[in-house]
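Next up, data_37.cif (mmCIF, C-alpha atoms):
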data_data
#
loop_
_atom_site.label_atom_id
_atom_site.label_comp_id
_atom_site.auth_asym_id
_atom_site.auth_seq_id
_atom_site.Cartn_x
_atom_site.Cartn_y
_atom_site.Cartn_z
CA MET Y 698 84.16 9.65 80.11
CA ASP Y 699 85.11 13.25 79.57
CA ILE Y 700 82.23 15.62 79.49
CA PRO Y 701 81.85 17.62 76.32
CA LEU Y 702 82.18 20.91 78.09
CA VAL Y 703 82.15 23.98 75.94
CA ALA Y 704 81.63 27.35 77.51
CA GLY Y 705 81.49 30.21 75.10
CA ASN Y 706 82.06 33.89 75.59
CA LYS Y 707 78.76 34.31 77.29
CA GLY Y 708 79.62 31.69 79.86
CA THR Y 709 76.18 30.13 79.85
CA ILE Y 710 75.91 26.67 81.33
CA GLY Y 711 72.81 24.58 81.00
CA VAL Y 712 71.35 21.14 80.80
CA GLY Y 713 69.75 19.63 77.76
CA GLU Y 714 70.46 18.83 74.14
CA VAL Y 715 73.67 20.00 72.57
CA LYS Y 716 72.95 22.85 70.25
CA MET Y 717 75.77 23.45 67.84
CA THR Y 718 75.52 26.73 66.02
CA GLY Y 719 78.60 26.10 63.95
CA ASP Y 720 80.68 28.74 65.66
CA GLU Y 721 82.29 27.04 68.63
CA GLN Y 722 82.29 30.19 70.74
CA GLN Y 723 78.57 30.47 70.43
CA THR Y 724 77.88 26.98 71.76
CA HIS Y 725 75.96 27.17 74.99
CA VAL Y 726 74.75 23.83 76.19
CA ILE Y 727 77.13 21.42 77.81
CA PHE Y 728 75.47 18.19 78.82
CA THR Y 729 73.85 15.79 76.45
CA LYS Y 730 71.50 14.25 78.99
CA LYS Y 731 69.97 15.18 82.29
CA ASP Y 732 71.46 12.16 84.05
CA GLU Y 733 74.98 13.29 83.30
CA LEU Y 734 74.67 16.28 85.60
CA LEU Y 735 73.81 13.96 88.47
CA GLU Y 736 76.72 11.73 87.54
CA VAL Y 737 79.10 14.68 87.60
CA ALA Y 738 77.78 15.87 90.91
CA GLN Y 739 78.32 12.50 92.54
CA ASP Y 740 81.74 11.59 91.15
CA GLU Y 741 84.43 13.73 92.78
CA LYS Y 742 86.94 13.47 89.98
CA LYS Y 743 84.40 14.45 87.41
CA ARG Y 744 83.16 17.25 89.61
CA LYS Y 745 86.63 18.72 89.95
CA SER Y 746 87.25 18.51 86.26
CA PHE Y 747 83.88 20.09 85.60
CA LEU Y 748 84.49 22.92 88.08
CA ALA Y 749 87.94 23.59 86.66
CA LYS Y 750 86.46 24.04 83.25
CA VAL Y 751 83.50 26.11 84.38
CA LYS Y 752 85.40 28.33 86.81
CA ARG Y 753 87.02 30.71 84.37
CA PRO Y 754 83.91 31.54 82.33
CA ALA Y 755 81.87 31.96 85.50
CA GLU Y 756 84.50 34.25 86.98
CA TYR Y 757 84.58 36.20 83.78
CA LEU Y 758 80.83 36.60 83.86
CA ILE Y 759 80.80 37.78 87.46
CA ASN Y 760 83.72 40.13 86.92
CA TRP Y 761 82.04 41.52 83.84
CA GLY Y 762 78.97 42.28 85.91
CA VAL Y 763 81.03 43.90 88.65
CA LYS Y 764 83.07 46.09 86.35
CA SER Y 765 80.03 47.21 84.37
CA SER Y 766 78.24 48.63 87.40
CA LEU Y 767 80.92 50.18 89.59
CA TRP Y 768 78.93 52.41 91.89
CA MET Y 769 81.18 54.99 93.42
CA TYR Y 770 80.93 56.55 96.82
CA ALA Y 771 80.22 60.27 96.35
CA TRP Y 772 82.41 62.08 98.83
CA GLY Y 773 85.07 64.71 98.78
CA LEU Y 774 88.23 65.04 100.82
CA ALA Y 775 89.74 67.97 98.92
CA CYS Y 776 90.01 69.67 95.56
CA CYS Y 777 90.21 66.46 93.47
CA ALA Y 778 86.57 66.01 94.43
CA ILE Y 779 85.75 68.93 92.14
CA GLU Y 780 87.31 67.03 89.25
CA MET Y 781 85.36 63.95 90.32
CA MET Y 782 82.17 66.02 90.13
CA ALA Y 783 83.17 67.16 86.64
CA PHE Y 784 83.71 63.51 85.76
CA GLY Y 785 80.16 62.81 86.89
CA ALA Y 786 78.67 65.75 84.99
CA ALA Y 787 77.55 66.00 81.38
CA ARG Y 788 80.85 66.40 79.53
CA TRP Y 789 82.56 63.25 80.83
CA ASP Y 790 79.38 61.56 82.07
CA SER Y 791 80.42 58.70 84.33
CA ASP Y 792 76.97 57.10 83.95
CA ARG Y 793 78.06 55.80 80.53
CA TYR Y 794 80.41 53.39 82.30
CA GLY Y 795 77.84 52.34 84.88
CA ILE Y 796 79.53 54.50 87.51
CA ILE Y 797 76.74 55.97 89.55
CA ALA Y 798 77.42 58.11 92.61
CA ARG Y 799 75.93 56.83 95.85
CA GLY Y 800 75.58 58.81 99.03
CA THR Y 801 76.55 56.00 101.37
CA PRO Y 802 79.44 53.53 101.37
CA ARG Y 803 77.01 50.72 102.08
CA GLN Y 804 75.69 50.98 98.51
CA ALA Y 805 79.04 51.61 96.85
CA ASP Y 806 81.62 49.33 95.20
CA LEU Y 807 84.26 51.93 94.48
CA MET Y 808 85.87 54.43 96.82
CA ILE Y 809 87.82 57.24 95.17
CA VAL Y 810 90.17 58.77 97.75
CA ASN Y 811 90.31 62.28 96.36
CA GLY Y 812 92.50 64.27 98.69
CA PRO Y 813 94.93 64.29 101.58
CA ILE Y 814 93.97 62.16 104.57
CA THR Y 815 94.71 63.83 107.88
CA TYR Y 816 95.42 61.82 111.01
CA MET Y 817 92.04 62.97 112.32
CA MET Y 818 90.28 61.71 109.19
CA ALA Y 819 92.21 58.44 108.84
CA PRO Y 820 90.09 56.32 111.24
CA ARG Y 821 86.96 57.62 109.54
CA VAL Y 822 88.27 56.72 106.08
CA LYS Y 823 89.08 53.23 107.30
CA ARG Y 824 85.66 52.89 108.86
CA LEU Y 825 83.91 54.05 105.68
CA PHE Y 826 85.98 51.55 103.70
CA ASN Y 827 84.98 48.78 106.08
CA GLN Y 828 81.32 49.67 105.61
CA MET Y 829 81.52 48.97 101.89
CA PRO Y 830 80.25 45.55 100.79
CA GLN Y 831 82.68 43.23 99.01
CA PRO Y 832 83.92 43.23 96.32
CA ARG Y 833 85.20 46.72 96.94
CA TYR Y 834 87.77 48.74 95.10
CA VAL Y 835 89.80 51.82 95.96
CA ILE Y 836 91.31 54.39 93.63
CA ALA Y 837 93.93 56.78 94.99
CA MET Y 838 93.24 59.96 93.06
CA GLY Y 839 95.93 62.61 92.97
CA GLU Y 840 99.29 63.13 94.61
CA CYS Y 841 97.88 63.59 98.11
CA ALA Y 842 96.21 60.21 98.12
CA ILE Y 843 99.28 58.53 96.59
CA ASN Y 844 101.92 59.75 99.05
CA GLY Y 845 100.82 63.00 100.68
CA GLY Y 846 101.91 65.05 97.68
CA PRO Y 847 102.55 68.72 98.47
CA PHE Y 848 101.80 68.03 102.14
CA TRP Y 849 104.54 65.40 102.46
CA ASP Y 850 106.32 67.46 105.12
CA SER Y 851 103.18 68.35 107.00
CA TYR Y 852 102.65 67.31 110.58
CA SER Y 853 99.13 66.03 110.15
CA ILE Y 854 98.91 64.20 106.81
CA VAL Y 855 98.94 60.43 106.31
CA LYS Y 856 101.60 59.68 103.70
CA GLY Y 857 99.37 57.93 101.20
CA ALA Y 858 95.98 56.25 101.27
CA ASP Y 859 97.64 52.80 101.00
CA LYS Y 860 98.97 53.22 104.53
CA ILE Y 861 95.45 52.61 105.83
CA ILE Y 862 93.41 50.88 103.10
CA PRO Y 863 94.36 48.66 100.13
CA VAL Y 864 94.54 50.65 96.91
CA ASP Y 865 93.95 49.14 93.46
CA VAL Y 866 94.75 51.97 91.08
CA TYR Y 867 96.86 55.09 91.55
CA ILE Y 868 96.17 58.12 89.36
CA PRO Y 869 98.85 60.86 89.44
CA GLY Y 870 98.03 64.51 88.92
CA CYS Y 871 97.51 67.64 90.94
CA PRO Y 872 94.62 67.81 90.49
CA VAL Y 873 93.72 64.81 88.36
CA ASN Y 874 91.93 65.62 85.11
CA PRO Y 875 88.55 64.00 84.54
CA GLU Y 876 90.15 62.29 81.54
CA ALA Y 877 92.87 60.85 83.75
CA LEU Y 878 90.28 59.66 86.23
CA LEU Y 879 88.41 58.01 83.38
CA ASP Y 880 91.64 56.34 82.28
CA GLY Y 881 92.23 55.09 85.80
CA ILE Y 882 88.72 53.69 86.02
CA ILE Y 883 89.13 51.88 82.70
CA LYS Y 884 92.39 50.42 84.04
CA LEU Y 885 90.52 49.30 87.16
CA GLN Y 886 87.87 47.68 84.97
CA ASP Y 887 90.59 45.82 83.08
CA LYS Y 888 92.04 44.62 86.37
CA ILE Y 889 88.62 43.47 87.54
CA LEU Y 890 88.14 41.49 84.31
CA LYS Y 891 91.50 39.81 84.81
CA GLY Y 892 90.59 39.08 88.39
CA GLU Y 893 93.76 40.35 90.04
CA LEU Y 894 92.87 42.71 92.83
CA ALA Y 895 94.11 43.88 96.20
CA SER Y 896 90.92 43.70 98.19
CA MET E 114 81.13 112.70 114.20
CA SER E 115 82.03 109.56 112.32
CA VAL E 116 81.05 106.04 113.29
CA ASN E 117 84.60 105.19 114.30
CA SER E 118 85.09 108.02 116.71
CA GLU E 119 81.64 107.43 118.23
CA ILE E 120 82.54 103.83 119.02
CA ILE E 121 85.98 104.73 120.35
CA GLN E 122 84.46 107.45 122.53
CA ALA E 123 81.84 105.07 123.90
CA VAL E 124 84.46 102.47 124.75
CA LYS E 125 86.73 105.02 126.41
CA ASP E 126 83.86 106.45 128.43
CA GLU E 127 83.01 102.99 129.69
CA PHE E 128 86.49 101.70 130.52
CA GLY E 129 88.59 104.84 130.94
CA GLU E 130 91.50 106.15 128.89
CA GLY E 131 94.20 103.87 130.21
CA MET E 132 92.43 100.52 129.88
CA VAL E 133 91.86 100.47 126.13
CA TYR E 134 94.33 101.45 123.45
CA ALA E 135 92.25 102.36 120.42
CA VAL E 136 93.48 102.88 116.88
CA ASP E 137 91.24 104.39 114.22
CA ARG E 138 92.85 102.47 111.41
CA LYS E 139 90.67 103.44 108.50
CA GLU E 140 87.03 103.92 107.63
CA ARG E 141 84.87 101.48 109.62
CA ARG E 142 87.92 99.64 110.95
CA ILE E 143 88.97 99.98 114.59
CA VAL E 144 91.68 98.19 116.51
CA LEU E 145 91.28 97.94 120.28
CA THR E 146 94.12 96.57 122.41
CA VAL E 147 93.20 95.52 125.92
CA ASN E 148 94.60 93.30 128.62
CA ARG E 149 93.25 89.89 129.55
CA ASP E 150 91.10 91.02 132.44
CA THR E 151 89.22 93.63 130.45
CA LEU E 152 88.55 91.40 127.45
CA LYS E 153 85.32 89.80 128.53
CA LYS E 154 83.82 93.05 129.82
CA LEU E 155 84.75 94.76 126.56
CA CYS E 156 83.17 91.97 124.50
CA LYS E 157 79.96 92.15 126.53
CA PHE E 158 79.88 95.90 126.18
CA LEU E 159 80.44 95.72 122.43
CA LYS E 160 77.71 93.14 121.99
CA GLU E 161 75.05 94.52 124.27
CA LYS E 162 75.52 98.29 124.02
CA LEU E 163 77.12 98.81 120.62
CA GLU E 164 75.31 96.06 118.65
CA PHE E 165 78.36 94.08 117.60
CA ASP E 166 76.34 90.96 116.98
CA HIS E 167 78.73 88.87 114.93
CA LEU E 168 82.06 87.35 115.86
CA THR E 169 83.83 86.89 112.54
CA SER E 170 86.97 85.11 113.57
CA ILE E 171 89.41 84.35 116.33
CA ALA E 172 93.10 84.14 115.56
CA ALA E 173 96.09 83.28 117.68
CA VAL E 174 99.46 84.71 116.71
CA ASP E 175 102.83 83.48 117.91
CA ARG E 176 104.71 86.74 118.18
CA SER E 177 108.05 85.36 119.32
CA GLY E 178 110.76 86.81 117.12
CA LEU E 179 108.76 89.84 115.98
CA VAL E 180 110.44 93.16 116.59
CA ASN E 181 108.70 95.18 119.25
CA GLY E 182 110.83 98.29 119.33
CA MET E 183 114.30 99.66 119.82
CA ILE E 184 116.23 101.01 122.78
CA GLU E 185 119.62 102.57 122.11
CA SER E 186 120.12 100.73 118.83
CA ARG E 187 119.20 97.44 120.45
CA LEU E 188 116.19 95.59 119.07
CA LEU E 189 113.46 94.42 121.40
CA TYR E 190 111.50 91.31 120.55
CA TYR E 191 108.10 90.10 121.51
CA ASP E 192 107.95 86.85 123.42
CA ASP E 193 104.27 86.04 123.75
CA TYR E 194 101.13 84.99 121.93
CA GLU E 195 98.43 87.33 120.81
CA MET E 196 94.72 86.64 120.44
CA VAL E 197 92.95 88.61 117.74
CA TYR E 198 89.16 88.79 117.72
CA HIS E 199 87.25 90.28 114.80
CA THR E 200 83.71 91.41 115.48
CA TRP E 201 81.28 92.89 113.03
CA SER E 202 78.24 95.03 113.57
CA HIS E 203 75.53 94.58 110.98
CA SER E 204 73.76 97.80 111.96
CA LYS E 205 76.89 99.98 112.09
CA LYS E 206 78.69 98.13 109.29
CA THR E 207 81.90 98.37 111.24
CA LEU E 208 84.60 95.87 112.07
CA VAL E 209 86.30 96.03 115.43
CA GLU E 210 89.50 94.12 116.02
CA ILE E 211 90.31 93.27 119.62
CA LYS E 212 93.88 92.32 120.45
CA VAL E 213 94.94 90.67 123.65
CA ALA E 214 98.50 89.74 124.53
CA VAL E 215 98.87 86.33 126.19
CA PRO E 216 102.17 85.57 127.96
CA LYS E 217 104.03 82.38 127.13
CA LYS E 218 104.43 81.24 130.71
CA ASN E 219 100.72 81.08 131.42
CA PRO E 220 99.02 80.99 128.02
CA SER E 221 95.43 81.45 129.05
CA ALA E 222 92.70 83.88 128.11
CA PRO E 223 89.10 84.25 129.27
CA SER E 224 86.63 82.39 127.10
CA ILE E 225 84.03 84.56 125.39
CA THR E 226 81.78 81.63 124.56
CA ASP E 227 78.93 83.01 126.66
CA VAL E 228 79.06 86.30 124.77
CA TRP E 229 79.24 84.93 121.24
CA SER E 230 78.56 81.21 121.19
CA THR E 231 80.33 80.86 117.83
CA ALA E 232 83.54 81.36 119.77
CA ASN E 233 83.26 77.79 121.05
CA TRP E 234 84.87 75.95 118.15
CA GLN E 235 87.19 78.80 117.23
CA GLU E 236 88.64 78.79 120.72
CA ARG E 237 88.99 75.03 120.49
CA GLU E 238 90.97 75.52 117.30
CA ALA E 239 93.21 78.14 118.91
CA PHE E 240 93.75 75.79 121.83
CA ASP E 241 94.51 72.88 119.54
CA LEU E 242 97.02 74.57 117.27
CA MET E 243 98.54 77.27 119.49
CA GLY E 244 97.99 75.95 122.98
CA VAL E 245 96.16 78.93 124.44
CA LYS E 246 93.94 77.73 127.27
CA PHE E 247 90.56 79.40 127.62
CA SER E 248 89.27 79.63 131.14
CA GLY E 249 85.53 79.11 131.36
CA HIS E 250 85.22 77.24 128.08
CA PRO E 251 82.50 74.55 128.29
CA ASP E 252 84.27 71.88 126.23
CA LEU E 253 87.96 72.57 125.63
CA ARG E 254 89.13 69.63 123.54
CA ARG E 255 91.26 69.33 120.42
CA ILE E 256 89.26 69.90 117.26
CA LEU E 257 91.61 69.45 114.28
CA MET E 258 94.27 67.11 115.62
CA PRO E 259 93.50 63.68 117.08
CA GLU E 260 93.12 63.29 120.82
CA TRP E 261 96.45 61.48 121.22
CA TRP E 262 98.43 64.31 119.63
CA LYS E 263 101.17 65.90 121.69
CA GLY E 264 102.14 69.54 121.36
CA HIS E 265 100.60 72.42 119.48
CA PRO E 266 101.76 72.42 115.85
CA LEU E 267 101.48 76.09 114.94
CA ARG E 268 103.78 77.24 117.70
CA LYS E 269 107.09 78.48 116.36
CA ASN E 270 109.10 76.21 118.65
CA TYR E 271 107.19 73.10 117.57
CA GLU E 272 109.54 70.46 116.19
CA MET E 273 108.23 68.34 113.37
#

Reformat the file's structure so that it appears as structure tokens.
Amino acid sequence: MDIPLVAGNKGTIGVGEVKMTGDEQQTHVIFTKKDELLEVAQDEKKRKSFLAKVKRPAEYLINWGVKSSLWMYAWGLACCAIEMMAFGAARWDSDRYGIIARGTPRQADLMIVNGPITYMMAPRVKRLFNQMPQPRYVIAMGECAINGGPFWDSYSIVKGADKIIPVDVYIPGCPVNPEALLDGIIKLQDKILKGELAS
Amino acid sequence: MSVNSEIIQAVKDEFGEGMVYAVDRKERRIVLTVNRDTLKKLCKFLKEKLEFDHLTSIAAVDRSGLVNGMIESRLLYYDDYEMVYHTWSHSKKTLVEIKVAVPKKNPSAPSITDVWSTANWQEREAFDLMGVKFSGHPDLRRILMPEWWKGHPLRKNYEM
């Protein structure tokens, strides 16, 4: 018997009586009886079918939570950090998007690489990235972080942040406007919702 | 007697006419050119007797290719490095620039870390980028480039 599985936008899954509100997207409850949950858990075929149906809404819910509270690591490699500060201040106000600056990578989800990475700094950047808990996201902000930018010919600059850490979104500009950074973060949030990410 | 000429006179009295080449460049700016052996004594004298309590900066200059002078319509070129030390006196409000030529064959200069301890990292930087070795430095390592780096990038003959 196929389980009447309906998971709405909110992705809620529960046990109990079916409550139909008329609008199918608003229907929350899946199982008609308590015993059916046990039956699903024991039968492998039913379990797989159940998981396949539940997976996408659950992923969506988790991704929604992740993208709505992207805490960024507050650091500065170069002048793009000034624009990042402006993005955090009153006019652009990153707090509206749940982006709160943290002083340590261990509390952060999002690392914004905002400047050129020198060979001396590269192991430190990698180490800071490794200290971030998963899921973690990286934005390459500005030309220097994309490919070295104006320092392409320099003897001491890593040619792009993606040479050492996986980058999700690249934002061009020299320096990047706060608006452009905001656009990049919204693009990252879209990617998170779709669930297609590098790291 | 102005501040400049007082300082120049004091330095010349201490070291003698021939040891220090002094230029009174403009108001409260003096340039002293010495050789490597006199440098540390001069720095100590400036700090202890003339109250030059602040070392502003240390610079290393690659002078190869700069025109030194002319003999019979033939140009002479420098072929050495030059260390430039800027010191500032808060009481006299005067900046003294000390220049020391460092030959290319043996690029070393005496460390003045025990006179002004702020010279420590600045000498490390000069060593890192220009390759001037400082004798008597407590911890002469690279500071800007990684440890595995070869060569000194700000030298004019450095190939990228």

Could you list, as a list in words, every residue of chain Y that has an atom within 9 Å of an atom of chain E, counting only C-alpha atoms?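 Residues passing the distance filter: Thr815, Tyr816, Met817, Met818, Asp850, Ser851, Tyr852 and Ser853 of chain Y.
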
Can I get the selection written as a CSV table (one decimal), in the frame of the given file, with C-alpha atoms?
chain,number,residue,atom,x,y,z
Y,815,THR,CA,94.7,63.8,107.9
Y,816,TYR,CA,95.4,61.8,111.0
Y,817,MET,CA,92.0,63.0,112.3
Y,818,MET,CA,90.3,61.7,109.2
Y,850,ASP,CA,106.3,67.5,105.1
Y,851,SER,CA,103.2,68.4,107.0
Y,852,TYR,CA,102.6,67.3,110.6
Y,853,SER,CA,99.1,66.0,110.2

What are the nearest atom pairs, with distances in Å to one decimal, for all residues of segment 114-177 of chain E that come at most 6 Å from segment 186-205 of chain E, using all atoms listed in the file, set out by chain and rising residue number as CSV?
residue,atom,partner,partner_atom,distance
E:Glu164,CA,E:Ser202,CA,6.0
E:Phe165,CA,E:Ser202,CA,4.1
E:Asp166,CA,E:Ser202,CA,5.6
E:His167,CA,E:Trp201,CA,5.1
E:Leu168,CA,E:Thr200,CA,4.4
E:Thr169,CA,E:His199,CA,5.3
E:Ser170,CA,E:His199,CA,5.3
E:Ile171,CA,E:Tyr198,CA,4.7
E:Ala172,CA,E:Val197,CA,5.0
E:Ala173,CA,E:Met196,CA,4.6
E:Val174,CA,E:Glu195,CA,5.0
E:Asp175,CA,E:Tyr194,CA,4.6
E:Arg176,CA,E:Tyr194,CA,5.5
E:Ser177,CA,E:Asp192,CA,4.4

How would the residues just chosen look if you wrote them out with C-alpha atoms as an mmCIF file, in the coordinates of the input?
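The resulting file, out-v7.cif, is shown below:
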data_model
loop_
_atom_site.group_PDB
_atom_site.id
_atom_site.type_symbol
_atom_site.label_atom_id
_atom_site.label_comp_id
_atom_site.auth_asym_id
_atom_site.auth_seq_id
_atom_site.Cartn_x
_atom_site.Cartn_y
_atom_site.Cartn_z
ATOM 1 C CA GLU E 164 75.310 96.060 118.650
ATOM 2 C CA PHE E 165 78.360 94.080 117.600
ATOM 3 C CA ASP E 166 76.340 90.960 116.980
ATOM 4 C CA HIS E 167 78.730 88.870 114.930
ATOM 5 C CA LEU E 168 82.060 87.350 115.860
ATOM 6 C CA THR E 169 83.830 86.890 112.540
ATOM 7 C CA SER E 170 86.970 85.110 113.570
ATOM 8 C CA ILE E 171 89.410 84.350 116.330
ATOM 9 C CA ALA E 172 93.100 84.140 115.560
ATOM 10 C CA ALA E 173 96.090 83.280 117.680
ATOM 11 C CA VAL E 174 99.460 84.710 116.710
ATOM 12 C CA ASP E 175 102.830 83.480 117.910
ATOM 13 C CA ARG E 176 104.710 86.740 118.180
ATOM 14 C CA SER E 177 108.050 85.360 119.320
#

Expected selection from the PyMOL selection byres ((chain Y and resi 775-785) around 12), given as a short mmCIF file (atom, residue, chain, number, x, y, z; two decimals) with C-alpha atoms, in the coordinates of the input:
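So the final result, stored in selection-v2.cif, reads:
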data_model
loop_
_atom_site.label_atom_id
_atom_site.label_comp_id
_atom_site.auth_asym_id
_atom_site.auth_seq_id
_atom_site.Cartn_x
_atom_site.Cartn_y
_atom_site.Cartn_z
CA TRP Y 768 78.93 52.41 91.89
CA MET Y 769 81.18 54.99 93.42
CA TYR Y 770 80.93 56.55 96.82
CA ALA Y 771 80.22 60.27 96.35
CA TRP Y 772 82.41 62.08 98.83
CA GLY Y 773 85.07 64.71 98.78
CA LEU Y 774 88.23 65.04 100.82
CA ALA Y 786 78.67 65.75 84.99
CA ALA Y 787 77.55 66.00 81.38
CA ARG Y 788 80.85 66.40 79.53
CA TRP Y 789 82.56 63.25 80.83
CA ASP Y 790 79.38 61.56 82.07
CA SER Y 791 80.42 58.70 84.33
CA ASP Y 792 76.97 57.10 83.95
CA ARG Y 793 78.06 55.80 80.53
CA TYR Y 794 80.41 53.39 82.30
CA GLY Y 795 77.84 52.34 84.88
CA ILE Y 796 79.53 54.50 87.51
CA ILE Y 797 76.74 55.97 89.55
CA ALA Y 798 77.42 58.11 92.61
CA ARG Y 799 75.93 56.83 95.85
CA MET Y 808 85.87 54.43 96.82
CA ILE Y 809 87.82 57.24 95.17
CA VAL Y 810 90.17 58.77 97.75
CA ASN Y 811 90.31 62.28 96.36
CA GLY Y 812 92.50 64.27 98.69
CA PRO Y 813 94.93 64.29 101.58
CA ILE Y 814 93.97 62.16 104.57
CA THR Y 815 94.71 63.83 107.88
CA ILE Y 836 91.31 54.39 93.63
CA ALA Y 837 93.93 56.78 94.99
CA MET Y 838 93.24 59.96 93.06
CA GLY Y 839 95.93 62.61 92.97
CA GLU Y 840 99.29 63.13 94.61
CA CYS Y 841 97.88 63.59 98.11
CA ALA Y 842 96.21 60.21 98.12
CA ILE Y 868 96.17 58.12 89.36
CA PRO Y 869 98.85 60.86 89.44
CA GLY Y 870 98.03 64.51 88.92
CA CYS Y 871 97.51 67.64 90.94
CA PRO Y 872 94.62 67.81 90.49
CA VAL Y 873 93.72 64.81 88.36
CA ASN Y 874 91.93 65.62 85.11
CA PRO Y 875 88.55 64.00 84.54
CA GLU Y 876 90.15 62.29 81.54
CA ALA Y 877 92.87 60.85 83.75
CA LEU Y 878 90.28 59.66 86.23
CA LEU Y 879 88.41 58.01 83.38
CA ASP Y 880 91.64 56.34 82.28
CA GLY Y 881 92.23 55.09 85.80
CA ILE Y 882 88.72 53.69 86.02
#

Result set of the PyMOL selection byres ((chain E and resi 222) around 6) on the coordinates above, as a PDB file with C-alpha atoms, keeping the file's coordinate frame:
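Output below, filename out_29.pdb:
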ATOM      1  CA  SER E 221      95.430  81.450 129.050  1.00  0.00           C
ATOM      2  CA  PRO E 223      89.100  84.250 129.270  1.00  0.00           C
ATOM      3  CA  PHE E 247      90.560  79.400 127.620  1.00  0.00           C
TER       4      PHE E 247
END

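For the file at hand, the PyMOL selection byres ((chain E and resi 147-150) around 6) resolves to Val133, Thr146, Thr151, Leu152 and Val213 of chain E.
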
Length of the atom CA of Ile121 of chain E to atom CA of Lys162 of chain E vector [Å]: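 So the answer is 12.8 Å.
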
Atom CA of Trp261 of chain E to atom CA of Ser230 of chain E: how many Å, to one decimal?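 So the two atoms, atom CA of Trp261 of chain E and atom CA of Ser230 of chain E, lie 26.6 Å apart.
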
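Within 7 Å of Pro220 of chain E, once all atoms listed in the file are used and residues closer than 3 positions along the same chain are dropped, the contacting residues are Val215, Pro216, Lys217, Val245 and Lys246 of chain E.
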
Go ahead and write the residues just picked, C-alpha atoms, as a PDB file, in the frame of the given file.
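Result file follows (part13.pdb):
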ATOM      1  CA  VAL E 215      98.870  86.330 126.190  1.00  0.00           C
ATOM      2  CA  PRO E 216     102.170  85.570 127.960  1.00  0.00           C
ATOM      3  CA  LYS E 217     104.030  82.380 127.130  1.00  0.00           C
ATOM      4  CA  VAL E 245      96.160  78.930 124.440  1.00  0.00           C
ATOM      5  CA  LYS E 246      93.940  77.730 127.270  1.00  0.00           C
TER       6      LYS E 246
END
